[in-house]
>>> print(open('data.pdb').read())   # PDB, C-alpha atoms
ATOM      1  CA  MET A   1       0.000   0.000   0.000  1.00  0.00           C
ATOM      2  CA  ASP A   2       1.350   3.442  -0.925  1.00  0.00           C
ATOM      3  CA  THR A   3       1.551   5.735   2.082  1.00  0.00           C
ATOM      4  CA  VAL A   4       3.609   8.716   0.895  1.00  0.00           C
ATOM      5  CA  PRO A   5       2.062  12.109   1.683  1.00  0.00           C
ATOM      6  CA  LEU A   6       1.485  14.362  -1.328  1.00  0.00           C
ATOM      7  CA  ILE A   7       2.141  18.097  -1.324  1.00  0.00           C
ATOM      8  CA  HIS A   8       0.996  19.897  -4.478  1.00  0.00           C
ATOM      9  CA  GLY A   9       0.755  16.492  -6.188  1.00  0.00           C
ATOM     10  CA  LYS A  10       4.345  15.442  -5.345  1.00  0.00           C
ATOM     11  CA  LYS A  11       5.579  12.839  -2.871  1.00  0.00           C
ATOM     12  CA  CYS A  12       7.028  14.589   0.170  1.00  0.00           C
ATOM     13  CA  GLY A  13       7.690  13.283   3.684  1.00  0.00           C
ATOM     14  CA  ARG A  14       8.146   9.719   4.868  1.00  0.00           C
ATOM     15  CA  GLY A  15       6.289   6.769   3.435  1.00  0.00           C
ATOM     16  CA  GLN A  16       6.182   3.691   1.257  1.00  0.00           C
ATOM     17  CA  TYR A  17       5.668   3.540  -2.500  1.00  0.00           C
ATOM     18  CA  THR A  18       5.459   0.513  -4.817  1.00  0.00           C
ATOM     19  CA  TYR A  19       6.486   0.903  -8.456  1.00  0.00           C
ATOM     20  CA  LYS A  20       4.713  -0.814 -11.364  1.00  0.00           C
ATOM     21  CA  ASN A  21       7.744  -3.090 -11.946  1.00  0.00           C
ATOM     22  CA  GLY A  22       7.467  -4.488  -8.386  1.00  0.00           C
ATOM     23  CA  ASP A  23      10.248  -2.405  -6.808  1.00  0.00           C
ATOM     24  CA  ARG A  24       9.338  -0.743  -3.504  1.00  0.00           C
ATOM     25  CA  TYR A  25      10.787   2.173  -1.552  1.00  0.00           C
ATOM     26  CA  ASP A  26      10.206   2.857   2.121  1.00  0.00           C
ATOM     27  CA  GLY A  27      11.760   6.103   3.306  1.00  0.00           C
ATOM     28  CA  ASP A  28      12.073   9.846   2.905  1.00  0.00           C
ATOM     29  CA  TRP A  29      10.795  11.813  -0.099  1.00  0.00           C
ATOM     30  CA  VAL A  30      11.405  15.396  -1.221  1.00  0.00           C
ATOM     31  CA  ASP A  31       9.845  16.928  -4.332  1.00  0.00           C
ATOM     32  CA  ASP A  32       8.736  13.529  -5.727  1.00  0.00           C
ATOM     33  CA  LYS A  33      12.242  11.990  -5.362  1.00  0.00           C
ATOM     34  CA  ARG A  34      13.802   9.539  -2.906  1.00  0.00           C
ATOM     35  CA  HIS A  35      15.835  11.875  -0.687  1.00  0.00           C
ATOM     36  CA  GLY A  36      17.167  11.197   2.812  1.00  0.00           C
ATOM     37  CA  HIS A  37      17.290   7.734   4.344  1.00  0.00           C
ATOM     38  CA  GLY A  38      15.346   4.759   3.082  1.00  0.00           C
ATOM     39  CA  VAL A  39      15.247   1.157   1.933  1.00  0.00           C
ATOM     40  CA  TYR A  40      14.779   0.340  -1.754  1.00  0.00           C
ATOM     41  CA  TYR A  41      13.596  -3.220  -2.444  1.00  0.00           C
ATOM     42  CA  LEU A  42      14.159  -4.357  -6.020  1.00  0.00           C
ATOM     43  CA  ALA A  43      11.875  -6.937  -7.624  1.00  0.00           C
ATOM     44  CA  SER A  44      15.041  -8.972  -8.364  1.00  0.00           C
ATOM     45  CA  GLY A  45      15.500  -9.630  -4.637  1.00  0.00           C
ATOM     46  CA  ASP A  46      18.314  -7.084  -4.216  1.00  0.00           C
ATOM     47  CA  ARG A  47      17.940  -4.364  -1.571  1.00  0.00           C
ATOM     48  CA  TYR A  48      19.635  -1.036  -0.789  1.00  0.00           C
ATOM     49  CA  ASP A  49      19.473   0.410   2.719  1.00  0.00           C
ATOM     50  CA  GLY A  50      21.005   3.857   3.019  1.00  0.00           C
ATOM     51  CA  ASP A  51      21.097   7.459   1.947  1.00  0.00           C
ATOM     52  CA  PHE A  52      19.535   8.985  -1.172  1.00  0.00           C
ATOM     53  CA  VAL A  53      19.978  12.362  -2.864  1.00  0.00           C
ATOM     54  CA  ASP A  54      17.758  13.383  -5.789  1.00  0.00           C
ATOM     55  CA  GLY A  55      16.523   9.816  -6.237  1.00  0.00           C
ATOM     56  CA  LYS A  56      19.985   8.196  -6.388  1.00  0.00           C
ATOM     57  CA  TYR A  57      22.082   6.192  -3.919  1.00  0.00           C
ATOM     58  CA  HIS A  58      24.343   8.838  -2.393  1.00  0.00           C
ATOM     59  CA  GLY A  59      26.210   8.869   0.922  1.00  0.00           C
ATOM     60  CA  HIS A  60      26.562   5.717   3.002  1.00  0.00           C
ATOM     61  CA  GLY A  61      24.560   2.606   2.260  1.00  0.00           C
ATOM     62  CA  VAL A  62      24.498  -1.169   2.151  1.00  0.00           C
ATOM     63  CA  TYR A  63      23.484  -2.950  -1.053  1.00  0.00           C
ATOM     64  CA  TYR A  64      22.350  -6.528  -0.444  1.00  0.00           C
ATOM     65  CA  PHE A  65      22.403  -8.776  -3.502  1.00  0.00           C
ATOM     66  CA  ALA A  66      19.893 -11.622  -3.835  1.00  0.00           C
ATOM     67  CA  SER A  67      22.931 -13.955  -4.084  1.00  0.00           C
ATOM     68  CA  GLY A  68      23.873 -13.109  -0.486  1.00  0.00           C
ATOM     69  CA  ASP A  69      26.779 -10.817  -1.435  1.00  0.00           C
ATOM     70  CA  ARG A  70      26.707  -7.273  -0.082  1.00  0.00           C
ATOM     71  CA  TYR A  71      28.511  -3.965  -0.445  1.00  0.00           C
ATOM     72  CA  ASP A  72      28.765  -1.704   2.605  1.00  0.00           C
ATOM     73  CA  GLY A  73      30.233   1.690   1.839  1.00  0.00           C
ATOM     74  CA  ASP A  74      30.083   5.034   0.109  1.00  0.00           C
ATOM     75  CA  TRP A  75      27.976   5.957  -2.910  1.00  0.00           C
ATOM     76  CA  VAL A  76      28.062   8.989  -5.196  1.00  0.00           C
ATOM     77  CA  ASP A  77      25.433   9.700  -7.837  1.00  0.00           C
ATOM     78  CA  GLY A  78      24.088   6.137  -7.779  1.00  0.00           C
ATOM     79  CA  LYS A  79      27.488   4.390  -8.021  1.00  0.00           C
ATOM     80  CA  ARG A  80      29.877   2.800  -5.528  1.00  0.00           C
ATOM     81  CA  HIS A  81      32.554   5.375  -4.830  1.00  0.00           C
ATOM     82  CA  GLY A  82      35.112   5.897  -2.089  1.00  0.00           C
ATOM     83  CA  HIS A  83      35.516   3.632   0.918  1.00  0.00           C
ATOM     84  CA  GLY A  84      33.598   0.386   1.119  1.00  0.00           C
ATOM     85  CA  VAL A  85      33.765  -3.344   1.664  1.00  0.00           C
ATOM     86  CA  TYR A  86      32.325  -5.954  -0.691  1.00  0.00           C
ATOM     87  CA  TYR A  87      31.401  -9.201   1.054  1.00  0.00           C
ATOM     88  CA  VAL A  88      31.125 -12.398  -0.993  1.00  0.00           C
ATOM     89  CA  ALA A  89      28.588 -14.849   0.431  1.00  0.00           C
ATOM     90  CA  SER A  90      30.099 -17.969  -1.138  1.00  0.00           C
ATOM     91  CA  VAL A  91      33.606 -17.355   0.215  1.00  0.00           C
ATOM     92  CA  MET A  92      34.894 -16.022   3.487  1.00  0.00           C
ATOM     93  CA  GLU A  93      37.495 -13.407   2.642  1.00  0.00           C
ATOM     94  CA  CYS A  94      39.865 -11.701   4.992  1.00  0.00           C
ATOM     95  CA  SER A  95      41.674  -8.462   4.218  1.00  0.00           C
ATOM     96  CA  ILE A  96      44.388  -7.186   6.523  1.00  0.00           C
ATOM     97  CA  LEU A  97      46.310  -3.936   6.260  1.00  0.00           C
ATOM     98  CA  GLN A  98      49.775  -4.458   7.701  1.00  0.00           C
ATOM     99  CA  MET A  99      52.660  -1.991   7.485  1.00  0.00           C
ATOM    100  CA  GLY A 100      50.970  -0.233   4.542  1.00  0.00           C
ATOM    101  CA  THR A 101      50.625  -3.428   2.484  1.00  0.00           C
ATOM    102  CA  ALA A 102      47.227  -4.959   1.895  1.00  0.00           C
ATOM    103  CA  MET A 103      47.143  -8.726   2.326  1.00  0.00           C
ATOM    104  CA  THR A 104      44.054 -10.613   1.181  1.00  0.00           C
ATOM    105  CA  GLY A 105      43.350 -14.242   1.809  1.00  0.00           C
ATOM    106  CA  THR A 106      40.567 -16.779   1.563  1.00  0.00           C
ATOM    107  CA  LEU A 107      39.501 -18.802   4.586  1.00  0.00           C
TER     108      LEU A 107
END
>>> encode(input="data.pdb", output="structure tokens")
Amino acid sequence: MDTVPLIHGKKCGRGQYTYKNGDRYDGDWVDDKRHGHGVYYLASGDRYDGDFVDGKYHGHGVYYFASGDRYDGDWVDGKRHGHGVYYVASVMECSILQMGTAMTGTL
């Protein structure tokens, strides 16, 4: 059920909206765009929980893939950018920073 308040015909405030393709967003809206914090559920089974600016992933967020993988980190203009960690569900990976040299291994 769509619960986003409308101001002058545009979504504004906090609420839930379901798109025709099955995607759903539960969070903050400004001027008919996802803006602030929210959770975007994709019909594919993926999910993004984090910050939005002008309808795009922007700031800090966690993207959960349907496969079980996830990315926890920074986003700019809808793309992964800056610091972040990508976790692979099928393999346990360990990254260690020692004396300025990154060492990565598989457990």
>>> residues_around(input="data.pdb", residues="Arg80 in chain A", least_positions_apart="3", cutoff="10 Å", atoms="all atoms listed in the file", output="list in words")
Tyr57, His58, Gly59, His60, Gly61, Tyr63, Tyr71, Asp72, Gly73, Asp74, Trp75, Val76, Asp77, His83 and Gly84 of chain A
>>> residues_around(input="data.pdb", residues="Arg24 in chain A", least_positions_apart="3", cutoff="8 Å", atoms="only C-alpha atoms", output="list of chain:residue names")
A:Gln16, A:Tyr17, A:Thr18, A:Tyr19, A:Tyr40, A:Tyr41, A:Leu42, A:Ala43
>>> resolve_selection(input="data.pdb", expression="the PyMOL selection byres ((chain A and resi 14) around 10)", output="ChimeraX atom specification")
/A:3-5,11-13,15-17,26-30,34-38
>>> atom_distance(input="data.pdb", atom1="CA of Lys79 in chain A", atom2="CA of Asp46 in chain A")
15.2 Å
>>> closest_residue(input="data.pdb", among="A:Asp69, A:Asp49, A:Asp2, A:Asp54", to="Lys20 in chain A", atoms="all atoms listed in the file")
A:Asp2
>>> closest_residue(input="data.pdb", among="A:Val39, A:Arg70, A:Lys33, A:Met1", to="Val53 in chain A", atoms="all atoms listed in the file")
A:Lys33
>>> atom_distance(input="data.pdb", atom1="CA of Asp23 in chain A", atom2="CA of Lys10 in chain A")
18.9 Å
>>> axis_aligned_box(input="data.pdb", around="range 9-19 of chain A", padding_each_side="6 Å", output="AutoDock Vina command-line options")
--center_x 4.5 --center_y 8.5 --center_z -1.8 --size_x 19.4 --size_y 28.0 --size_z 25.3
>>> closest_residue(input="data.pdb", among="A:Ser67, A:Ala89, A:Gly9, A:His81", to="Asp32 in chain A", atoms="all atoms listed in the file")
A:Gly9
>>> atom_distance(input="data.pdb", atom1="CA of Asp31 in chain A", atom2="CA of Ile7 in chain A")
8.4 Å
